[in-house]
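File shown here: entry_26.txt, holding compact mmCIF, C-alpha atoms.
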# COMPACT_ATOMS: atom_id res chain seq x y z
CA MET A 1 91.22 36.04 123.66
CA SER A 2 90.07 38.77 125.97
CA VAL A 3 87.93 41.48 124.46
CA LYS A 4 88.92 44.90 125.73
CA PRO A 5 86.66 47.94 125.46
CA ILE A 6 89.03 49.85 123.20
CA ALA A 7 88.55 51.33 119.77
CA THR A 8 90.36 48.60 117.84
CA THR A 9 87.95 45.86 118.87
CA ARG A 10 84.78 47.95 119.25
CA SER A 11 82.40 48.02 116.33
CA ALA A 12 79.76 50.55 115.39
CA THR A 13 79.47 49.45 111.78
CA GLY A 14 79.46 45.67 112.10
CA ILE A 15 83.14 45.74 111.10
CA PRO A 16 85.68 45.77 113.94
CA THR A 17 87.02 49.34 114.01
CA GLY A 18 90.64 48.27 113.56
CA ARG A 19 89.76 46.31 110.42
CA LEU A 20 87.66 49.16 109.05
CA ALA A 21 90.71 51.41 109.55
CA VAL A 22 92.81 48.99 107.50
CA TRP A 23 90.24 49.11 104.69
CA TRP A 24 90.42 52.90 104.76
CA LEU A 25 94.20 52.72 104.64
CA LEU A 26 94.01 50.38 101.65
CA ALA A 27 91.51 52.71 99.96
CA SER A 28 94.16 55.44 100.09
CA GLU A 29 96.80 52.98 98.89
CA VAL A 30 94.58 52.12 95.91
CA VAL A 31 94.70 55.77 94.85
CA ILE A 32 98.47 56.05 95.44
CA PHE A 33 99.46 52.89 93.55
CA GLY A 34 96.57 53.18 91.10
CA GLY A 35 97.64 56.70 90.15
CA LEU A 36 101.25 55.65 89.72
CA LEU A 37 100.52 52.48 87.74
CA GLY A 38 97.79 54.24 85.75
CA SER A 39 100.29 56.93 84.73
CA TYR A 40 102.79 54.23 83.78
CA ILE A 41 100.24 52.37 81.63
CA MET A 42 99.17 55.57 79.86
CA HIS A 43 102.77 56.59 79.14
CA ARG A 44 103.67 53.09 78.06
CA MET A 45 100.81 53.01 75.53
CA GLY A 46 101.72 56.47 74.22
CA HIS A 47 105.40 55.55 73.86
CA PRO A 48 105.99 52.41 71.79
CA GLU A 49 109.74 53.00 72.06
CA TRP A 50 109.64 52.06 75.77
CA ALA A 51 109.45 48.43 74.72
CA GLU A 52 113.13 48.84 73.79
CA ALA A 53 113.98 49.70 77.43
CA ALA A 54 111.61 47.13 78.93
CA VAL A 55 113.35 44.13 77.32
CA HIS A 56 116.23 44.64 79.76
CA THR A 57 114.23 43.74 82.87
CA ASN A 58 114.84 40.17 84.05
CA THR A 59 111.62 38.12 84.06
CA TRP A 60 113.13 35.44 86.31
CA PHE A 61 113.91 37.86 89.14
CA GLY A 62 110.34 39.17 88.88
CA ALA A 63 108.81 35.68 88.70
CA PHE A 64 110.82 34.44 91.68
CA ASN A 65 109.78 37.44 93.75
CA THR A 66 106.14 36.86 92.75
CA PHE A 67 106.52 33.31 94.07
CA VAL A 68 108.06 34.65 97.29
CA LEU A 69 105.24 37.14 97.89
CA LEU A 70 102.47 34.63 97.06
CA THR A 71 104.06 32.24 99.54
CA SER A 72 104.34 34.95 102.20
CA SER A 73 100.65 35.78 101.67
CA PHE A 74 99.88 32.09 102.25
CA THR A 75 101.82 32.08 105.54
CA ALA A 76 100.15 35.38 106.53
CA VAL A 77 96.70 33.86 106.11
CA LEU A 78 97.80 30.76 108.06
CA ALA A 79 98.89 33.11 110.85
CA HIS A 80 95.43 34.63 110.78
CA GLN A 81 93.86 31.17 110.94
CA ALA A 82 96.02 30.28 113.96
CA ALA A 83 95.18 33.57 115.68
CA GLU A 84 91.47 32.92 115.23
CA SER A 85 91.75 29.66 117.10
CA GLY A 86 93.67 31.45 119.85
CA GLN A 87 97.06 29.88 119.05
CA GLY A 88 99.25 32.94 119.58
CA LYS A 89 102.60 31.16 119.34
CA LYS A 90 101.65 29.41 116.11
CA ALA A 91 100.45 32.72 114.67
CA ALA A 92 103.73 34.36 115.66
CA LYS A 93 105.70 31.60 113.91
CA TYR A 94 103.74 32.04 110.69
CA LEU A 95 104.27 35.80 110.91
CA LEU A 96 108.00 35.17 111.26
CA LEU A 97 107.89 33.04 108.11
CA THR A 98 106.09 35.90 106.38
CA MET A 99 108.82 38.31 107.51
CA GLY A 100 111.34 35.84 106.10
CA GLY A 101 109.50 36.14 102.79
CA ALA A 102 109.76 39.93 103.00
CA LEU A 103 113.50 39.66 103.66
CA THR A 104 113.99 37.23 100.76
CA PHE A 105 112.04 39.55 98.48
CA LEU A 106 114.23 42.52 99.46
CA LEU A 107 117.47 40.55 99.06
CA VAL A 108 116.48 39.41 95.56
CA LYS A 109 115.47 42.97 94.75
CA SER A 110 118.80 44.40 95.89
CA VAL A 111 120.77 41.88 93.81
CA GLU A 112 118.56 42.63 90.80
CA TRP A 113 118.91 46.42 91.19
CA THR A 114 122.67 46.17 91.74
CA ILE A 115 123.03 44.31 88.44
CA GLU A 116 120.79 46.78 86.61
CA ILE A 117 122.41 49.91 88.03
CA SER A 118 125.91 48.61 87.29
CA HIS A 119 124.80 48.13 83.67
CA GLY A 120 123.77 51.80 83.49
CA TYR A 121 120.01 51.27 83.86
CA THR A 122 119.60 53.94 86.53
CA ILE A 123 116.52 55.87 87.61
CA THR A 124 117.54 58.73 85.29
CA ALA A 125 118.41 56.54 82.27
CA ASN A 126 115.01 57.21 80.67
CA THR A 127 111.37 57.55 81.67
CA PHE A 128 110.76 53.79 81.59
CA TRP A 129 113.49 53.21 84.18
CA SER A 130 112.21 56.17 86.23
CA PHE A 131 108.83 54.48 86.48
CA TYR A 132 110.48 51.11 87.10
CA TYR A 133 112.45 52.30 90.13
CA THR A 134 109.68 54.57 91.44
CA ALA A 135 106.95 51.91 91.31
CA ALA A 136 109.09 49.01 92.55
CA GLY A 137 110.75 51.30 95.11
CA LEU A 138 107.45 52.53 96.55
CA HIS A 139 106.31 48.92 96.71
CA GLY A 140 109.60 47.94 98.38
CA LEU A 141 109.05 50.59 101.07
CA HIS A 142 105.66 49.01 101.76
CA VAL A 143 107.35 45.61 102.09
CA ILE A 144 109.84 47.06 104.61
CA ALA A 145 107.12 48.86 106.60
CA GLY A 146 104.92 45.73 106.63
CA ALA A 147 107.75 43.53 107.85
CA ILE A 148 108.61 45.92 110.69
CA ILE A 149 104.99 46.21 111.88
CA MET A 150 104.66 42.44 111.57
CA GLY A 151 107.53 42.10 114.04
CA PHE A 152 105.60 44.04 116.71
CA VAL A 153 102.39 42.12 116.02
CA ALA A 154 104.26 38.79 116.19
CA ALA A 155 105.88 39.74 119.53
CA ASP A 156 102.44 40.47 121.00
CA ALA A 157 100.92 37.36 119.47
CA TRP A 158 103.68 35.20 120.98
CA ARG A 159 102.44 36.32 124.41
CA GLY A 160 98.85 35.73 123.33
CA GLU A 161 98.05 39.46 123.23
CA GLU A 162 96.25 41.58 120.62
CA LEU A 163 95.56 38.57 118.41
CA GLN A 164 93.05 40.56 116.32
CA ARG A 165 96.02 42.49 114.94
CA VAL A 166 97.30 39.36 113.17
CA GLU A 167 94.40 39.60 110.75
CA LEU A 168 94.93 43.35 110.28
CA ILE A 169 98.60 43.13 109.33
CA GLY A 170 97.64 40.14 107.14
CA ILE A 171 95.12 42.19 105.14
CA TYR A 172 97.76 44.87 104.61
CA TRP A 173 100.28 42.22 103.56
CA HIS A 174 97.89 40.71 101.02
CA PHE A 175 97.51 44.18 99.54
CA VAL A 176 101.30 44.48 99.17
CA ASP A 177 101.14 41.10 97.41
CA LEU A 178 98.31 42.40 95.18
CA VAL A 179 100.33 45.42 94.07
CA TRP A 180 103.19 43.11 93.05
CA ILE A 181 100.75 40.83 91.20
CA PHE A 182 100.11 43.82 88.90
CA LEU A 183 103.68 45.19 88.90
CA PHE A 184 105.03 41.84 87.71
CA PRO A 185 103.25 41.77 84.32
CA LEU A 186 103.58 45.56 83.91
CA LEU A 187 107.35 45.72 84.43
CA TYR A 188 108.58 42.24 83.53
CA ILE A 189 106.22 40.45 81.13
CA ALA A 190 104.91 43.23 78.83
CA LYS A 191 107.92 43.58 76.50
CA MET B 1 87.19 37.29 112.30
CA SER B 2 85.37 34.96 114.63
CA ASP B 3 83.15 33.19 112.09
CA ASN B 4 84.72 30.26 110.27
CA HIS B 5 84.87 30.40 106.48
CA HIS B 6 86.22 26.95 105.61
CA VAL B 7 88.56 28.27 102.95
CA ASN B 8 91.10 25.70 101.80
CA TYR B 9 94.04 28.11 101.89
CA LYS B 10 96.48 25.57 100.53
CA ARG B 11 94.33 24.99 97.47
CA VAL B 12 94.07 28.75 96.82
CA TYR B 13 97.85 29.02 97.20
CA LEU B 14 98.48 26.19 94.71
CA TRP B 15 96.09 27.83 92.25
CA LEU B 16 98.03 31.09 92.59
CA LEU B 17 101.32 29.29 91.84
CA ALA B 18 99.80 27.51 88.82
CA LEU B 19 98.56 30.86 87.48
CA LEU B 20 102.03 32.36 88.03
CA VAL B 21 103.52 29.58 85.87
CA VAL B 22 100.99 30.32 83.12
CA SER B 23 101.72 34.06 83.19
CA VAL B 24 105.48 33.43 82.88
CA ALA B 25 104.97 30.84 80.12
CA GLY B 26 102.60 33.07 78.12
CA PRO B 27 105.22 35.18 76.29
CA PHE B 28 107.05 32.04 75.08
CA ILE B 29 104.14 31.30 72.73
CA GLY B 30 105.03 34.55 71.02
CA ILE B 31 101.53 35.83 70.20
CA LEU B 32 100.93 39.34 71.55
CA SER B 33 97.24 38.88 72.38
CA VAL B 34 98.01 35.64 74.23
CA THR B 35 100.75 37.39 76.21
CA LEU B 36 98.41 40.22 77.18
CA ILE B 37 95.76 37.76 78.36
CA THR B 38 98.19 35.53 80.28
CA ALA B 39 99.87 38.59 81.80
CA PHE B 40 97.01 40.92 82.69
CA GLY B 41 93.99 38.61 82.56
CA ILE B 42 95.71 36.26 84.96
CA ALA B 43 96.85 39.13 87.18
CA VAL B 44 93.18 40.06 87.62
CA VAL B 45 92.27 36.42 88.41
CA LYS B 46 95.13 36.14 90.91
CA ALA B 47 94.17 39.46 92.51
CA ASN B 48 90.58 38.29 92.87
CA LEU B 49 91.67 35.01 94.50
CA VAL B 50 93.77 36.93 97.04
CA ILE B 51 91.09 39.56 97.73
CA GLN B 52 88.26 37.07 98.23
CA ASN B 53 90.03 34.21 99.99
CA PHE B 54 93.00 35.73 101.80
CA MET B 55 91.57 39.16 102.61
CA HIS B 56 88.12 37.63 103.13
CA LEU B 57 86.45 40.51 101.35
CA ARG B 58 83.61 38.28 100.17
CA TRP B 59 82.45 37.84 103.79
CA GLU B 60 83.12 41.44 104.71
CA LYS B 61 80.31 43.95 105.35
CA THR B 62 79.16 45.97 102.36
CA LEU B 63 80.56 49.17 103.89
CA ALA B 64 84.18 48.04 103.39
CA LYS B 65 83.45 47.15 99.77
CA TRP B 66 82.01 50.62 99.17
CA VAL B 67 85.07 52.25 100.70
CA LEU B 68 87.30 50.36 98.26
CA ILE B 69 85.02 50.80 95.26
CA THR B 70 84.89 54.56 95.89
CA SER B 71 88.67 54.89 95.82
CA LEU B 72 88.87 52.68 92.71
CA ALA B 73 86.31 54.96 91.04
CA LEU B 74 88.30 58.07 92.00
CA MET B 75 91.44 56.48 90.56
CA ALA B 76 89.60 55.61 87.34
CA LEU B 77 88.37 59.19 87.13
CA PHE B 78 91.93 60.48 87.44
CA VAL B 79 93.20 58.09 84.77
CA ALA B 80 90.34 58.88 82.40
CA GLY B 81 90.91 62.61 82.88
CA ALA B 82 94.65 62.43 82.26
CA ALA B 83 94.55 59.82 79.48
CA PRO B 84 93.85 62.15 76.52
CA ASP B 85 96.78 64.38 77.46
CA VAL B 86 99.23 61.58 78.19
CA MET B 87 98.36 59.04 75.52
CA ARG B 88 97.74 61.35 72.53
CA HIS B 89 100.56 63.48 71.19
CA GLU B 90 98.44 65.88 69.16
CA GLY B 91 94.94 67.27 69.15
CA GLN B 92 93.02 69.87 67.19
CA ASN B 93 94.82 72.86 68.66
CA TRP B 94 97.92 71.42 70.25
CA VAL B 95 100.93 69.21 69.67
CA ASN B 96 103.02 67.55 72.36
CA VAL B 97 106.31 68.12 70.55
CA ALA B 98 108.51 66.58 73.25
CA ALA B 99 106.54 63.32 73.45
CA ALA B 100 106.29 62.95 69.67
CA ASP B 101 110.04 63.59 69.35
CA ALA B 102 110.78 60.99 72.02
CA VAL B 103 108.78 58.42 70.05
CA ASP B 104 110.56 59.38 66.81
CA ARG B 105 114.00 59.17 68.40
CA GLY B 106 113.24 55.85 70.04
CA VAL B 107 111.76 54.30 66.91
CA VAL B 108 114.68 55.57 64.77
CA ASP B 109 117.22 54.18 67.26
CA GLU B 110 115.54 50.82 67.07
CA HIS B 111 116.14 50.61 63.32
CA ALA B 112 119.47 52.42 63.35
CA GLU B 113 121.35 49.35 62.13
CA GLU B 114 119.12 48.99 59.08
CA GLU B 115 119.28 52.65 58.13
CA THR B 116 123.01 53.21 57.93
CA ASP B 117 122.65 55.34 54.81
CA VAL B 118 121.02 58.14 56.81
CA ALA B 119 123.33 61.15 56.82
CA VAL B 120 124.71 61.08 60.35
CA ALA B 121 128.21 62.22 61.22
CA GLU B 122 130.40 59.18 61.82
CA PRO B 123 131.15 58.70 65.48
CA GLY B 124 134.73 59.66 66.29
CA VAL B 125 135.05 62.11 63.41
CA PHE B 126 134.92 65.70 64.64
CA ASP B 127 132.44 67.87 62.75
CA ALA B 128 134.02 71.35 62.95
CA VAL B 129 131.39 72.96 60.71
CA GLY B 130 128.58 71.46 62.77
CA GLN B 131 130.18 72.63 66.01
CA PHE B 132 130.72 76.13 64.59
CA ASN B 133 127.08 76.35 63.56
CA LEU B 134 125.94 74.97 66.92
CA ILE B 135 128.16 76.97 69.28
CA CYS B 136 129.99 79.85 67.56
CA ALA B 137 127.30 80.91 65.11
CA MET B 138 124.99 82.00 67.93
CA CYS B 139 127.06 85.18 68.24
CA HIS B 140 129.45 85.17 65.27
CA GLY B 141 126.68 84.25 62.79
CA SER B 142 126.61 81.22 60.52
CA ALA B 143 128.09 83.43 57.78
CA SER B 144 130.85 84.27 60.29
CA ASP B 145 130.26 88.01 59.91
CA GLY B 146 129.61 88.73 63.58
CA MET B 147 125.88 89.01 62.95
CA GLY B 148 124.61 86.06 64.99
CA ALA B 149 121.27 86.65 66.71
CA ALA B 150 122.75 86.49 70.20
CA GLY B 151 125.67 88.70 69.21
CA LEU B 152 123.69 91.67 67.99
CA ALA B 153 123.22 93.09 71.48
CA LEU B 154 126.81 92.59 72.62
CA ASP B 155 129.27 95.41 73.19
CA PRO B 156 131.95 95.05 71.93
CA ARG B 157 130.43 93.19 69.00
CA PRO B 158 131.58 89.66 68.15
CA ALA B 159 134.50 89.46 65.73
CA ASP B 160 133.75 89.47 62.00
CA PHE B 161 135.86 86.66 60.54
CA THR B 162 135.14 87.79 56.98
CA ASP B 163 136.85 91.16 57.59
CA PRO B 164 140.44 91.12 56.18
CA ALA B 165 141.43 93.75 58.79
CA PHE B 166 140.61 91.25 61.55
CA TRP B 167 143.13 88.75 60.22
CA GLU B 168 145.97 91.32 59.97
CA THR B 169 146.51 91.07 63.72
CA ARG B 170 145.67 87.39 64.21
CA ASP B 171 147.53 84.12 63.88
CA ASP B 172 146.30 80.54 64.38
CA GLN B 173 147.71 80.29 67.89
CA ARG B 174 145.92 83.40 69.05
CA VAL B 175 142.60 82.23 67.59
CA LYS B 176 143.07 78.84 69.22
CA THR B 177 143.82 80.43 72.62
CA ALA B 178 140.77 82.65 72.31
CA ILE B 179 138.50 79.67 71.59
CA ARG B 180 140.02 77.59 74.35
CA ASP B 181 140.48 80.19 77.13
CA GLY B 182 138.11 82.97 76.13
CA GLY B 183 138.56 86.52 74.86
CA VAL B 184 140.23 87.70 78.08
CA ALA B 185 143.19 85.36 77.49
CA VAL B 186 144.15 87.28 74.34
CA GLY B 187 143.21 90.73 75.63
CA ALA B 188 139.94 90.79 73.69
CA SER B 189 136.32 91.00 74.79
CA ALA B 190 135.40 89.17 78.01
CA LEU B 191 132.11 88.33 76.34
CA MET B 192 133.92 85.69 74.26
CA ALA B 193 133.51 82.67 76.54
CA PRO B 194 136.17 79.95 77.01
CA TRP B 195 135.15 76.71 75.25
CA GLY B 196 138.19 74.59 76.14
CA ALA B 197 136.09 72.20 78.20
CA LEU B 198 134.20 71.12 75.07
CA TYR B 199 137.09 70.37 72.70
CA ASP B 200 140.44 68.62 72.75
CA ASP B 201 143.56 69.99 71.06
CA ALA B 202 142.96 68.44 67.62
CA GLN B 203 139.35 69.60 67.65
CA LEU B 204 140.48 73.15 68.47
CA ASP B 205 142.84 73.02 65.47
CA ALA B 206 139.96 71.93 63.25
CA LEU B 207 137.84 74.82 64.52
CA VAL B 208 140.70 77.30 63.93
CA GLU B 209 141.06 75.97 60.39
CA TYR B 210 137.36 76.44 59.72
CA VAL B 211 137.29 79.95 61.21
CA ARG B 212 140.37 80.88 59.14
CA SER B 213 138.63 79.70 55.96
CA PHE B 214 136.40 82.78 56.22
CA GLY B 215 139.40 85.13 56.06
CA PRO B 216 141.50 86.20 53.05
CA THR B 217 143.18 83.21 51.41
CA GLY B 218 146.93 82.76 51.33
CA GLN B 219 147.50 84.32 54.73

Go ahead and express the file in the form of C-alpha cells.
Amino acid sequence: MSVKPIATTRSATGIPTGRLAVWWLLASEVVIFGGLLGSYIMHRMGHPEWAEAAVHTNTWFGAFNTFVLLTSSFTAVLAHQAAESGQGKKAAKYLLLTMGGALTFLLVKSVEWTIEISHGYTITANTFWSFYYTAAGLHGLHVIAGAIIMGFVAADAWRGEELQRVELIGIYWHFVDLVWIFLFPLLYIAK
Amino acid sequence: MSDNHHVNYKRVYLWLLALLVVSVAGPFIGILSVTLITAFGIAVVKANLVIQNFMHLRWEKTLAKWVLITSLALMALFVAGAAPDVMRHEGQNWVNVAAADAVDRGVVDEHAEEETDVAVAEPGVFDAVGQFNLICAMCHGSASDGMGAAGLALDPRPADFTDPAFWETRDDQRVKTAIRDGGVAVGASALMAPWGALYDDAQLDALVEYVRSFGPTGQ
C-alpha cells in the first residue's frame, strides 16, 4: 500500500487523520442517537401504558435483523483484516458481503413495516409508534448511507487503492451495528 | 491499522451470537428483572465486545476515547436535564395534565374488559343529549335558552328553544334542515353552522326530538 502525503493518511495526533475524523463523526452520532433513545427511555418510563403498544412489535423480525447486523459487522472486520495485509480483492469481497447484510436487513425491515402499517400501526398511531418509526427509520437511513459508501470503498479496494478506507467504513458500520444492539432490546424485548 | 492485534474475530462473533440467543430467551423465563438484565445488561456486553474488538478502540490513542467520552457526557447531561420534566407528571408548582391523562386513558383501556360496569355510552347507540351538550350547547346553552357561553356575543343571538314563540313558526323538518345545512338553508342566521357532516339521518332525527323536548308539549 502506497502512502500518499494527503490528509487522510497523515497524522499529527498519532491517529491517522481519516480515522480521527470517523471518531469525530461517531461522537456526533452518539449525541444524535443518544438524545433520541434517551428521550424514548424517559418517555417509556413515564408512560406505563406504552407497554400495551409495545407488545405488537415482532421479536423475531428484530432478532433476525440483529443476527444479520452482527454477521455483517463480522464480515466488515474481516475486510479490514484483509486490507491490512494488502489483499484488496479479498477486502472488496468481504465488503460486498457486508453490503449484502445491509440489503437483507432493509428487506426484512420493509416486510416488517409493511405488515405493521397494514395493521394500522402507523407513525401517527401513538407516541410509542412515533418513536419506533423515527428511531428505526433514522437507523435505517444510516444503513443505506453506509452501504452506498461501502460500494465506493469496495470499488477502490478491488483495484488495491485507498485500502485505509476499508477500516474507516468498518468503524462506521460497527457503530450502526451498535445502535441496533440497543434498539433491539428497547423496541422488541422490553414489553 | 498497521500493528497486528491477534484478535480472534470468529470467536468474538460467536460470543455475540450466543449473547443474542440469551437476550431473546430472557423474556421466556417471565421474571421482569431477569428480562431487564438479559435485554439491557447483555446489550452493554455486546456493545463492549464490538467496540473493543471490532472497532479496536482498546488499542486506539487516548485522544479518540476522550472525543467519545465527551459526547457521551454531553448526552448524559441532556438526558439528566430533561428527565425530571419528561418522567414526572407533577411537581410542587406544576402538573403535566396531558401526560397524566394519557397514562390514565391507557391504563383504563387496558382494563376496559374488566370494568364493563363503568358508565360509558354503548357503542352504536347515538347519545343525542351528549351530542347536544358537546356541540349545540356551546351557543344554545345546556339549558337550551340561547345563553351558551359562545353564543352571548353573537348577533343575531342563538335561538331560545324554551321560548314558545320560537316553536310557533317551526316544524321538525325545518329544525332538521337547520341542523344539517345551517341557518342559511332555512333563511335564519348564517352564524348557525351546518352540522350534517357529523350526523346521519337517524341521528339528526334524534337531535330534533331532543331539541323539541325543550319547547311547549303537545305541539

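Residue nearest Phe33 of chain A, chosen from A:Val166, A:Ile189, A:Ala79, A:Leu138 and counting only C-alpha atoms: A:Leu138.
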
Could you list, as number ranges by chain, every residue of chain A that has an atom within 8 Å of an atom of chain B, counting all atoms listed in the file?
A: 13-15, 20, 23-24, 26-28, 30-31, 34-35, 38-39, 42-43, 45-50, 52, 59, 63, 66-67, 70-71, 73-74, 77-78, 84, 164, 167, 170-171, 174, 178, 181-182, 185, 189-190

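Reported to one decimal place, the separation of atom CA of Pro158 of chain B from atom CA of Met138 of chain B is 10.1 Å.
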
Could you tell me, as a ChimeraX atom specification, which residues have any atom at most 10 Å from (138.7, 87.2, 60.9), counting all atoms listed in the file?
/B:144-146,159-171,175,211-216

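One finds atom CA of Gly101 of chain A at 21.3 Å from atom CA of Ile115 of chain A.
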
With distances taken over only C-alpha atoms, which of B:Asp201, B:Arg174, B:Asn133, B:Val95 is nearest to Gly187 of chain B?
B:Arg174

Quick one: pull the distance between atom CA of Val22 of chain B and atom CA of Val176 of chain A, Å, one decimal.
21.4 Å

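Candidate residues A:Tyr121, A:Tyr40, A:Phe64, A:Trp158 were compared for distance to Gln87 of chain A, and the nearest is A:Trp158, using all atoms listed in the file.
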
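The smallest atom-to-atom distance between Ala91 of chain A and any of A:Phe131, A:Lys109, A:Asn58, A:Val153, using only C-alpha atoms, is found for A:Val153.
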
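The residue set within 12 Å of Asp172 of chain B, counting all atoms listed in the file and dropping same-chain residues fewer than 6 places from it, reads Ala178, Ile179, Leu204, Asp205, Ala206, Leu207, Val208, Glu209, Tyr210, Val211, Arg212, Ser213, Gly215 and Gln219 of chain B.
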
Starting from the incomplete input, reconstruct N, CA and C atoms of segment 19-40 of chain B and write that as a short mmCIF file (atom, residue, chain, number, x, y, z; two decimals), keeping the file's coordinate frame.
data_model
loop_
_atom_site.label_atom_id
_atom_site.label_comp_id
_atom_site.auth_asym_id
_atom_site.auth_seq_id
_atom_site.Cartn_x
_atom_site.Cartn_y
_atom_site.Cartn_z
N LEU B 19 98.83 29.69 88.33
CA LEU B 19 98.56 30.86 87.48
C LEU B 19 99.84 31.64 87.22
N LEU B 20 100.74 31.68 88.22
CA LEU B 20 102.03 32.36 88.03
C LEU B 20 102.81 31.68 86.90
N VAL B 21 102.81 30.33 86.91
CA VAL B 21 103.52 29.58 85.87
C VAL B 21 102.94 29.93 84.49
N VAL B 22 101.62 30.00 84.41
CA VAL B 22 100.99 30.32 83.12
C VAL B 22 101.39 31.73 82.67
N SER B 23 101.42 32.68 83.60
CA SER B 23 101.72 34.06 83.19
C SER B 23 103.18 34.20 82.75
N VAL B 24 104.08 33.38 83.33
CA VAL B 24 105.48 33.43 82.88
C VAL B 24 105.62 32.72 81.54
N ALA B 25 104.85 31.63 81.35
CA ALA B 25 104.97 30.84 80.12
C ALA B 25 104.33 31.56 78.93
N GLY B 26 103.34 32.41 79.19
CA GLY B 26 102.60 33.07 78.12
C GLY B 26 103.44 33.67 77.01
N PRO B 27 104.44 34.52 77.35
CA PRO B 27 105.22 35.18 76.29
C PRO B 27 105.99 34.21 75.40
N PHE B 28 106.27 32.98 75.88
CA PHE B 28 107.05 32.04 75.08
C PHE B 28 106.28 31.56 73.86
N ILE B 29 104.93 31.68 73.90
CA ILE B 29 104.14 31.30 72.73
C ILE B 29 104.36 32.31 71.61
N GLY B 30 104.63 33.55 72.00
CA GLY B 30 105.03 34.55 71.02
C GLY B 30 103.89 35.27 70.32
N ILE B 31 102.67 35.11 70.80
CA ILE B 31 101.53 35.83 70.20
C ILE B 31 101.13 36.95 71.17
N LEU B 32 101.13 38.19 70.67
CA LEU B 32 100.93 39.34 71.55
C LEU B 32 99.63 39.25 72.35
N SER B 33 98.52 38.90 71.67
CA SER B 33 97.24 38.88 72.38
C SER B 33 97.24 37.82 73.47
N VAL B 34 97.92 36.69 73.21
CA VAL B 34 98.01 35.64 74.23
C VAL B 34 98.81 36.14 75.42
N THR B 35 99.92 36.84 75.13
CA THR B 35 100.75 37.39 76.21
C THR B 35 99.96 38.36 77.07
N LEU B 36 99.17 39.24 76.42
CA LEU B 36 98.41 40.22 77.18
C LEU B 36 97.39 39.54 78.08
N ILE B 37 96.75 38.47 77.55
CA ILE B 37 95.76 37.76 78.36
C ILE B 37 96.43 37.01 79.51
N THR B 38 97.54 36.30 79.20
CA THR B 38 98.19 35.53 80.28
C THR B 38 98.84 36.47 81.29
N ALA B 39 99.24 37.67 80.85
CA ALA B 39 99.87 38.59 81.80
C ALA B 39 98.82 39.32 82.64
N PHE B 40 97.91 40.04 81.95
CA PHE B 40 97.01 40.92 82.69
C PHE B 40 95.70 40.24 83.07
#
